[in-house]
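Participant: Okay, here's the structure, questions in a sec.
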Amino acid sequence: GVRLQYDVADVLSLEASWGLLTEGGRAVDDESMALLQATGLLSERLSYFLLGALMAGSRPDQRVSTVGFGADFYPLPSRSLELFGEGYFQFGELGDQDKRARAFQAGARTLFRSSWIEAAVAFRSGDEDPTDGDDEGFQSCENVNQFMIVEDAALGLDIDTNVLSGRLAGGVRKNPWEGRLDVGLFRVEEELRSAGGTLLTGEEDLGVEIDGTLRWHLSPSAAIHLRGGILAGSEVL
């Protein structure tokens, strides 16, 4: 692939990228992705981004487009309060299904002298009926691994579609120690069904996850951390 970036002073950054994944063998399933993104400042307290992406498969009827936008706003001169939000829409074709999906995240973060607190809500749409010709499940290439069990791709379940979550996080640092606590409430957005439409479970609660992290900074370039998490009250699992 190739990636190009152009910075217009300090107020606008443009990025364009294209990548191709090719496979050999009989079951060839090549993929390509094209992306355009603009990130800029509207003022000293307000930044934004605009995004457009196209994922294409090996057949003409495998094309999914994603458009997104987001903003980051500091309402106070001290920049101790941050408000953020982002939203995405997906549309296109996946074989004999039309892609219609959406996602958003919004929240706030407060900074203190040596600590911080953040609250947010995140949503990624799910597919209500896999047999109706519309695929409403949001699919992305994002790398959100805030919670070890529900979200982490390496350690956990990597659930990043058909989910609604409320999340609260906080941290404190007193050199060389740093501590962090994350609490998340997770629910599936649509009932879980098989590809044939069979209802797998009518439950919607993915559970409440509590994660804790303790980090010891040995130097500015090295640290040791201990992390643990627990998921409780999951009716889906």
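Following the order of the structure tokens, first chain is A, next is B, and so on, with residues numbered from 1 inside each chain and ligands from 1 in the order they appear.
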As a JSON list (two decimals) with N, CA, C and O atoms, in the first residue's frame, please: the residues near A:Gly166 (cut-off 12 Å, only C-alpha atoms, same-chain neighbours under 3 positions excluded).

Facilitator:
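Done, and the output landed in around_23.json:
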[["chain", "number", "residue", "atom", "x", "y", "z"],
["A", 105, "GLN", "N", -19.79, 7.65, 19.33],
["A", 105, "GLN", "CA", -19.25, 7.71, 20.69],
["A", 105, "GLN", "C", -19.24, 9.16, 21.13],
["A", 105, "GLN", "O", -18.95, 10.06, 20.34],
["A", 106, "ALA", "N", -19.57, 9.41, 22.39],
["A", 106, "ALA", "CA", -19.57, 10.76, 22.93],
["A", 106, "ALA", "C", -19.23, 10.69, 24.41],
["A", 106, "ALA", "O", -19.55, 9.71, 25.09],
["A", 107, "GLY", "N", -18.56, 11.73, 24.90],
["A", 107, "GLY", "CA", -18.19, 11.71, 26.30],
["A", 107, "GLY", "C", -17.51, 12.99, 26.74],
["A", 107, "GLY", "O", -17.41, 13.97, 25.99],
["A", 118, "GLU", "N", -13.11, 10.25, 33.23],
["A", 118, "GLU", "CA", -13.72, 10.28, 31.90],
["A", 118, "GLU", "C", -14.99, 9.44, 31.90],
["A", 118, "GLU", "O", -15.01, 8.35, 32.46],
["A", 119, "ALA", "N", -16.04, 9.95, 31.28],
["A", 119, "ALA", "CA", -17.30, 9.23, 31.11],
["A", 119, "ALA", "C", -17.70, 9.29, 29.64],
["A", 119, "ALA", "O", -17.55, 10.33, 29.00],
["A", 120, "ALA", "N", -18.20, 8.16, 29.11],
["A", 120, "ALA", "CA", -18.55, 8.11, 27.69],
["A", 120, "ALA", "C", -19.61, 7.06, 27.45],
["A", 120, "ALA", "O", -19.81, 6.14, 28.26],
["A", 121, "VAL", "N", -20.29, 7.19, 26.33],
["A", 121, "VAL", "CA", -21.22, 6.18, 25.84],
["A", 121, "VAL", "C", -20.82, 5.85, 24.40],
["A", 121, "VAL", "O", -20.44, 6.75, 23.63],
["A", 122, "ALA", "N", -20.82, 4.56, 24.06],
["A", 122, "ALA", "CA", -20.41, 4.12, 22.73],
["A", 122, "ALA", "C", -21.46, 3.17, 22.17],
["A", 122, "ALA", "O", -22.05, 2.37, 22.91],
["A", 123, "PHE", "N", -21.67, 3.24, 20.86],
["A", 123, "PHE", "CA", -22.71, 2.44, 20.21],
["A", 123, "PHE", "C", -22.23, 1.97, 18.85],
["A", 123, "PHE", "O", -21.64, 2.74, 18.09],
["A", 147, "PHE", "N", -11.29, -2.32, 27.42],
["A", 147, "PHE", "CA", -11.68, -3.31, 28.41],
["A", 147, "PHE", "C", -11.11, -4.68, 28.03],
["A", 147, "PHE", "O", -11.25, -5.14, 26.89],
["A", 163, "VAL", "N", -23.24, -3.58, 19.84],
["A", 163, "VAL", "CA", -23.00, -3.37, 21.27],
["A", 163, "VAL", "C", -23.27, -1.91, 21.63],
["A", 163, "VAL", "O", -23.01, -0.99, 20.87],
["A", 169, "ALA", "N", -14.10, 5.90, 33.56],
["A", 169, "ALA", "CA", -12.69, 5.61, 33.80],
["A", 169, "ALA", "C", -12.08, 6.74, 34.62],
["A", 169, "ALA", "O", -12.53, 7.89, 34.56],
["A", 182, "ASP", "N", -11.29, 1.19, 35.32],
["A", 182, "ASP", "CA", -12.28, 1.28, 34.25],
["A", 182, "ASP", "C", -13.50, 0.46, 34.62],
["A", 182, "ASP", "O", -13.38, -0.71, 35.02],
["A", 183, "VAL", "N", -14.68, 1.06, 34.47],
["A", 183, "VAL", "CA", -15.95, 0.37, 34.73],
["A", 183, "VAL", "C", -16.82, 0.54, 33.50],
["A", 183, "VAL", "O", -17.04, 1.66, 33.03],
["A", 184, "GLY", "N", -17.33, -0.58, 32.97],
["A", 184, "GLY", "CA", -18.15, -0.51, 31.77],
["A", 184, "GLY", "C", -19.40, -1.36, 31.89],
["A", 184, "GLY", "O", -19.36, -2.47, 32.44],
["A", 185, "LEU", "N", -20.52, -0.86, 31.40],
["A", 185, "LEU", "CA", -21.78, -1.59, 31.33],
["A", 185, "LEU", "C", -22.07, -1.87, 29.87],
["A", 185, "LEU", "O", -22.18, -0.94, 29.06],
["A", 186, "PHE", "N", -22.20, -3.16, 29.49],
["A", 186, "PHE", "CA", -22.31, -3.56, 28.09],
["A", 186, "PHE", "C", -23.62, -4.30, 27.85],
["A", 186, "PHE", "O", -24.02, -5.15, 28.64],
["A", 187, "ARG", "N", -24.27, -3.96, 26.71],
["A", 187, "ARG", "CA", -25.49, -4.64, 26.26],
["A", 187, "ARG", "C", -25.40, -4.85, 24.75],
["A", 187, "ARG", "O", -24.83, -4.03, 24.03],
["A", 206, "LEU", "N", -24.62, -8.00, 28.34],
["A", 206, "LEU", "CA", -23.28, -8.57, 28.22],
["A", 206, "LEU", "C", -22.55, -8.53, 29.55],
["A", 206, "LEU", "O", -21.56, -9.24, 29.74],
["A", 207, "GLY", "N", -23.00, -7.67, 30.45],
["A", 207, "GLY", "CA", -22.45, -7.65, 31.79],
["A", 207, "GLY", "C", -21.76, -6.34, 32.14],
["A", 207, "GLY", "O", -21.69, -5.41, 31.35],
["A", 208, "VAL", "N", -21.27, -6.31, 33.37],
["A", 208, "VAL", "CA", -20.51, -5.18, 33.89],
["A", 208, "VAL", "C", -19.06, -5.62, 34.06],
["A", 208, "VAL", "O", -18.78, -6.64, 34.71],
["A", 209, "GLU", "N", -18.15, -4.89, 33.45],
["A", 209, "GLU", "CA", -16.73, -5.22, 33.56],
["A", 209, "GLU", "C", -16.00, -4.15, 34.38],
["A", 209, "GLU", "O", -16.22, -2.95, 34.19]]

Participant: Need to verify the contact set: stretch 218-230 of chain A, 9 Å, only C-alpha atoms, exclusion of same-chain residues closer than 5 positions in sequence. Can you return it as a PyMOL selection string?

Facilitator: chain A and resi 147-149+176+208-213

Participant: Next, write the just-selected residues to a file, as a compact mmCIF listing (two decimals), in the first residue's frame, keeping all heavy atoms as the atom set.

Facilitator:
# COMPACT_ATOMS: atom_id res chain seq x y z
N PHE A 147 -11.29 -2.32 27.42
CA PHE A 147 -11.68 -3.31 28.41
C PHE A 147 -11.11 -4.68 28.03
O PHE A 147 -11.25 -5.14 26.89
CB PHE A 147 -13.21 -3.37 28.53
CG PHE A 147 -13.77 -2.18 29.26
CD1 PHE A 147 -14.13 -1.04 28.55
CD2 PHE A 147 -13.94 -2.19 30.63
CE1 PHE A 147 -14.65 0.07 29.22
CE2 PHE A 147 -14.45 -1.10 31.30
CZ PHE A 147 -14.81 0.04 30.60
N MET A 148 -10.48 -5.33 28.99
CA MET A 148 -9.72 -6.55 28.74
C MET A 148 -10.58 -7.70 28.23
O MET A 148 -10.18 -8.43 27.33
CB MET A 148 -9.01 -7.00 30.02
CG MET A 148 -7.93 -6.08 30.51
SD MET A 148 -7.20 -6.71 32.05
CE MET A 148 -6.54 -8.28 31.49
N ILE A 149 -11.75 -7.89 28.81
CA ILE A 149 -12.54 -9.10 28.53
C ILE A 149 -13.48 -8.89 27.35
O ILE A 149 -13.50 -9.69 26.42
CB ILE A 149 -13.33 -9.51 29.79
CG1 ILE A 149 -12.37 -9.79 30.95
CG2 ILE A 149 -14.18 -10.74 29.51
CD1 ILE A 149 -13.05 -10.08 32.26
N PRO A 176 6.81 7.31 41.08
CA PRO A 176 6.82 6.66 39.76
C PRO A 176 5.60 5.76 39.53
O PRO A 176 5.61 4.95 38.61
CB PRO A 176 8.08 5.80 39.82
CG PRO A 176 8.14 5.36 41.25
CD PRO A 176 7.61 6.52 42.06
N VAL A 208 -21.27 -6.31 33.37
CA VAL A 208 -20.51 -5.18 33.89
C VAL A 208 -19.06 -5.62 34.06
O VAL A 208 -18.78 -6.64 34.71
CB VAL A 208 -21.07 -4.69 35.24
CG1 VAL A 208 -20.20 -3.56 35.79
CG2 VAL A 208 -22.51 -4.24 35.09
N GLU A 209 -18.15 -4.89 33.45
CA GLU A 209 -16.73 -5.22 33.56
C GLU A 209 -16.00 -4.15 34.38
O GLU A 209 -16.22 -2.95 34.19
CB GLU A 209 -16.08 -5.35 32.19
CG GLU A 209 -14.61 -5.71 32.28
CD GLU A 209 -13.97 -6.05 30.95
OE1 GLU A 209 -14.72 -6.26 29.97
OE2 GLU A 209 -12.73 -6.14 30.89
N ILE A 210 -15.14 -4.61 35.27
CA ILE A 210 -14.31 -3.73 36.09
C ILE A 210 -12.86 -4.14 35.87
O ILE A 210 -12.49 -5.29 36.12
CB ILE A 210 -14.68 -3.82 37.58
CG1 ILE A 210 -16.16 -3.46 37.79
CG2 ILE A 210 -13.80 -2.88 38.40
CD1 ILE A 210 -16.63 -3.66 39.21
N ASP A 211 -12.06 -3.20 35.41
CA ASP A 211 -10.63 -3.45 35.16
C ASP A 211 -9.80 -2.51 36.02
O ASP A 211 -10.16 -1.34 36.24
CB ASP A 211 -10.28 -3.20 33.69
CG ASP A 211 -10.92 -4.21 32.76
OD1 ASP A 211 -11.59 -5.14 33.26
OD2 ASP A 211 -10.76 -4.07 31.54
N GLY A 212 -8.66 -3.01 36.48
CA GLY A 212 -7.71 -2.20 37.23
C GLY A 212 -6.31 -2.34 36.67
O GLY A 212 -5.91 -3.43 36.25
N THR A 213 -5.59 -1.23 36.64
CA THR A 213 -4.22 -1.23 36.12
C THR A 213 -3.31 -0.49 37.08
O THR A 213 -3.63 0.62 37.53
CB THR A 213 -4.14 -0.56 34.74
OG1 THR A 213 -5.03 -1.22 33.83
CG2 THR A 213 -2.72 -0.63 34.17

Participant: Show which residues sit within 10 Å of A:Asp132, as a list in words. Count only C-alpha atoms, and ignore same-chain residues fewer than 5 positions away.

Facilitator: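 The neighbour list is Gln97, Asp98, Asp127 and Gly197 of chain A.
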
Participant: Which is closer to A:Val64 than all the others in A:Ser13, A:Gly25, A:Glu86, A:Glu136, using only C-alpha atoms?

Facilitator: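 So, comparing all the options, the nearest one is A:Glu136.
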
Participant: What is the distance between atom CA of A:Ser234 and atom CA of A:Leu168, in Å to one decimal?

Facilitator: 18.3 Å

Participant: Find the residues around A:Ser115 up to 9 Å (only C-alpha atoms counted), leave out those fewer than 4 positions away in its own chain, and share them as a PDB file with N, CA and C atoms, in the first residue's frame.

Facilitator:
ATOM      1  N   THR A 110     -12.377  15.158  32.474  1.00  0.00           N
ATOM      2  CA  THR A 110     -11.978  16.241  33.367  1.00  0.00           C
ATOM      3  C   THR A 110     -10.589  15.966  33.910  1.00  0.00           C
ATOM      4  N   LEU A 111      -9.727  16.976  33.846  1.00  0.00           N
ATOM      5  CA  LEU A 111      -8.358  16.857  34.319  1.00  0.00           C
ATOM      6  C   LEU A 111      -8.184  17.606  35.625  1.00  0.00           C
ATOM      7  N   GLY A 170     -11.052   6.402  35.357  1.00  0.00           N
ATOM      8  CA  GLY A 170     -10.342   7.393  36.146  1.00  0.00           C
ATOM      9  C   GLY A 170      -8.935   6.930  36.438  1.00  0.00           C
ATOM     10  N   GLY A 171      -8.053   7.887  36.646  1.00  0.00           N
ATOM     11  CA  GLY A 171      -6.673   7.534  36.919  1.00  0.00           C
ATOM     12  C   GLY A 171      -5.993   8.576  37.784  1.00  0.00           C
ATOM     13  N   VAL A 172      -4.914   8.147  38.422  1.00  0.00           N
ATOM     14  CA  VAL A 172      -4.123   9.040  39.264  1.00  0.00           C
ATOM     15  C   VAL A 172      -2.656   8.651  39.109  1.00  0.00           C
ATOM     16  N   ARG A 173      -1.780   9.640  39.149  1.00  0.00           N
ATOM     17  CA  ARG A 173      -0.355   9.372  39.000  1.00  0.00           C
ATOM     18  C   ARG A 173       0.433  10.137  40.056  1.00  0.00           C
TER      19      ARG A 173
END

Participant: Extract, using only C-alpha atoms, all DNA, RNA and protein residues at most 10 Å from A:Phe104, discarding same-chain residues fewer than 5 positions from it, and format them as a PyMOL selection string.

Facilitator: chain A and resi 68-70+85-89+121-125+164

Participant: Just to be explicit: take each residue in the selection above, keep all heavy atoms, and write the result as a JSON list (two decimals), in the first residue's frame.

Facilitator:
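See result.json below for the written result:
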[["chain", "number", "residue", "atom", "x", "y", "z"],
["A", 68, "GLY", "N", -17.30, 9.33, 8.23],
["A", 68, "GLY", "CA", -17.28, 9.63, 9.66],
["A", 68, "GLY", "C", -16.89, 11.07, 9.92],
["A", 68, "GLY", "O", -16.31, 11.75, 9.07],
["A", 69, "PHE", "N", -17.23, 11.54, 11.10],
["A", 69, "PHE", "CA", -16.89, 12.89, 11.52],
["A", 69, "PHE", "C", -16.73, 12.89, 13.03],
["A", 69, "PHE", "O", -17.29, 12.05, 13.75],
["A", 69, "PHE", "CB", -17.96, 13.90, 11.10],
["A", 69, "PHE", "CG", -19.32, 13.61, 11.69],
["A", 69, "PHE", "CD1", -19.71, 14.18, 12.90],
["A", 69, "PHE", "CD2", -20.20, 12.75, 11.06],
["A", 69, "PHE", "CE1", -20.95, 13.91, 13.45],
["A", 69, "PHE", "CE2", -21.45, 12.47, 11.60],
["A", 69, "PHE", "CZ", -21.82, 13.04, 12.80],
["A", 70, "GLY", "N", -15.97, 13.84, 13.54],
["A", 70, "GLY", "CA", -15.78, 13.93, 14.99],
["A", 70, "GLY", "C", -15.27, 15.30, 15.37],
["A", 70, "GLY", "O", -14.80, 16.08, 14.53],
["A", 85, "GLY", "N", -16.77, 13.76, 20.64],
["A", 85, "GLY", "CA", -17.82, 12.97, 20.00],
["A", 85, "GLY", "C", -17.42, 12.59, 18.59],
["A", 85, "GLY", "O", -16.63, 13.29, 17.95],
["A", 86, "GLU", "N", -17.93, 11.46, 18.11],
["A", 86, "GLU", "CA", -17.67, 11.02, 16.74],
["A", 86, "GLU", "C", -18.81, 10.14, 16.29],
["A", 86, "GLU", "O", -19.47, 9.47, 17.09],
["A", 86, "GLU", "CB", -16.34, 10.27, 16.65],
["A", 86, "GLU", "CG", -16.21, 9.13, 17.63],
["A", 86, "GLU", "CD", -14.80, 8.54, 17.65],
["A", 86, "GLU", "OE1", -14.23, 8.35, 16.55],
["A", 86, "GLU", "OE2", -14.28, 8.29, 18.74],
["A", 87, "GLY", "N", -19.08, 10.15, 14.99],
["A", 87, "GLY", "CA", -20.15, 9.35, 14.42],
["A", 87, "GLY", "C", -19.76, 8.80, 13.06],
["A", 87, "GLY", "O", -18.96, 9.41, 12.33],
["A", 88, "TYR", "N", -20.30, 7.61, 12.71],
["A", 88, "TYR", "CA", -19.96, 6.94, 11.46],
["A", 88, "TYR", "C", -21.20, 6.34, 10.82],
["A", 88, "TYR", "O", -22.11, 5.87, 11.52],
["A", 88, "TYR", "CB", -18.93, 5.82, 11.70],
["A", 88, "TYR", "CG", -17.66, 6.29, 12.34],
["A", 88, "TYR", "CD1", -17.52, 6.32, 13.72],
["A", 88, "TYR", "CD2", -16.58, 6.71, 11.56],
["A", 88, "TYR", "CE1", -16.35, 6.75, 14.31],
["A", 88, "TYR", "CE2", -15.40, 7.14, 12.14],
["A", 88, "TYR", "CZ", -15.30, 7.17, 13.52],
["A", 88, "TYR", "OH", -14.14, 7.60, 14.11],
["A", 89, "PHE", "N", -21.21, 6.31, 9.50],
["A", 89, "PHE", "CA", -22.28, 5.67, 8.73],
["A", 89, "PHE", "C", -21.64, 4.76, 7.69],
["A", 89, "PHE", "O", -20.65, 5.12, 7.06],
["A", 89, "PHE", "CB", -23.16, 6.72, 8.06],
["A", 89, "PHE", "CG", -23.85, 7.64, 9.01],
["A", 89, "PHE", "CD1", -23.28, 8.86, 9.36],
["A", 89, "PHE", "CD2", -25.06, 7.29, 9.59],
["A", 89, "PHE", "CE1", -23.91, 9.71, 10.25],
["A", 89, "PHE", "CE2", -25.70, 8.14, 10.48],
["A", 89, "PHE", "CZ", -25.11, 9.34, 10.81],
["A", 121, "VAL", "N", -20.29, 7.19, 26.33],
["A", 121, "VAL", "CA", -21.22, 6.18, 25.84],
["A", 121, "VAL", "C", -20.82, 5.85, 24.40],
["A", 121, "VAL", "O", -20.44, 6.75, 23.63],
["A", 121, "VAL", "CB", -22.68, 6.68, 25.90],
["A", 121, "VAL", "CG1", -22.87, 7.95, 25.10],
["A", 121, "VAL", "CG2", -23.64, 5.59, 25.43],
["A", 122, "ALA", "N", -20.82, 4.56, 24.06],
["A", 122, "ALA", "CA", -20.41, 4.12, 22.73],
["A", 122, "ALA", "C", -21.46, 3.17, 22.17],
["A", 122, "ALA", "O", -22.05, 2.37, 22.91],
["A", 122, "ALA", "CB", -19.04, 3.44, 22.78],
["A", 123, "PHE", "N", -21.67, 3.24, 20.86],
["A", 123, "PHE", "CA", -22.71, 2.44, 20.21],
["A", 123, "PHE", "C", -22.23, 1.97, 18.85],
["A", 123, "PHE", "O", -21.64, 2.74, 18.09],
["A", 123, "PHE", "CB", -23.98, 3.28, 20.05],
["A", 123, "PHE", "CG", -25.01, 2.68, 19.12],
["A", 123, "PHE", "CD1", -25.87, 1.69, 19.58],
["A", 123, "PHE", "CD2", -25.11, 3.10, 17.80],
["A", 123, "PHE", "CE1", -26.81, 1.13, 18.73],
["A", 123, "PHE", "CE2", -26.05, 2.56, 16.95],
["A", 123, "PHE", "CZ", -26.90, 1.56, 17.41],
["A", 124, "ARG", "N", -22.48, 0.68, 18.55],
["A", 124, "ARG", "CA", -22.23, 0.13, 17.22],
["A", 124, "ARG", "C", -23.43, -0.74, 16.87],
["A", 124, "ARG", "O", -23.76, -1.67, 17.61],
["A", 124, "ARG", "CB", -20.93, -0.66, 17.19],
["A", 124, "ARG", "CG", -19.70, 0.19, 17.46],
["A", 124, "ARG", "CD", -18.45, -0.65, 17.56],
["A", 124, "ARG", "NE", -17.28, 0.15, 17.86],
["A", 124, "ARG", "CZ", -16.88, 0.48, 19.09],
["A", 124, "ARG", "NH1", -17.59, 0.05, 20.12],
["A", 124, "ARG", "NH2", -15.82, 1.22, 19.28],
["A", 125, "SER", "N", -24.05, -0.46, 15.76],
["A", 125, "SER", "CA", -25.32, -1.10, 15.42],
["A", 125, "SER", "C", -25.14, -2.59, 15.13],
["A", 125, "SER", "O", -24.07, -3.04, 14.71],
["A", 125, "SER", "CB", -25.97, -0.41, 14.22],
["A", 125, "SER", "OG", -25.14, -0.54, 13.07],
["A", 164, "LEU", "N", -23.86, -1.73, 22.81],
["A", 164, "LEU", "CA", -24.08, -0.41, 23.42],
["A", 164, "LEU", "C", -23.42, -0.44, 24.78],
["A", 164, "LEU", "O", -23.62, -1.38, 25.56],
["A", 164, "LEU", "CB", -25.57, -0.12, 23.56],
["A", 164, "LEU", "CG", -25.96, 1.14, 24.34],
["A", 164, "LEU", "CD1", -25.49, 2.39, 23.61],
["A", 164, "LEU", "CD2", -27.46, 1.19, 24.57]]

Participant: Name the residues in contact with A:Arg109 at a cut-off of 8 Å, using only C-alpha atoms, excluding same-chain residues fewer than 3 positions from it; report them as a VMD selection string.

Facilitator: chain A and resid 81 to 83 116 to 119

Participant: Which one is closest to A:Thr39: A:Val2, A:Ala71, A:Leu20, A:Ala53? Count only C-alpha atoms.

Facilitator: A:Ala71

Participant: Write out as a PyMOL selection string which residues come within 6 Å of stretch 201-204 of chain A when counting only C-alpha atoms, dropping same-chain ones fewer than 5 positions away.

Facilitator: chain A and resi 187-188+191-192+235-236

Participant: What is the distance between atom CA of A:Leu155 and atom CA of A:Ala232, in Å to one decimal?

Facilitator: 16.9 Å

Participant: Provide the atom CA of A:Gln139 to atom CA of A:Arg167 distance in Å, to one decimal place.

Facilitator: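 Atom-to-atom, atom CA of A:Gln139 to atom CA of A:Arg167, that is 20.8 Å.
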
Participant: From the set A:Asp152, A:Glu190, A:Asp134, A:Glu31, which residue has the shortest atom-to-atom contact distance to A:Leu94, counting only C-alpha atoms?

Facilitator: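 Closest to A:Leu94, using only C-alpha atoms: A:Asp134.
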
Participant: Mind the document's chain letters and residue numbers, and return as a VMD selection string the residues of stretch 38-217 of chain A that DSSP labels strand (DSSP E).

Facilitator: chain A and resid 38 to 41 46 to 56 62 to 73 81 to 94 97 to 111 115 to 124 134 to 135 163 to 174 177 to 188 192 to 193 199 to 201 205 to 217
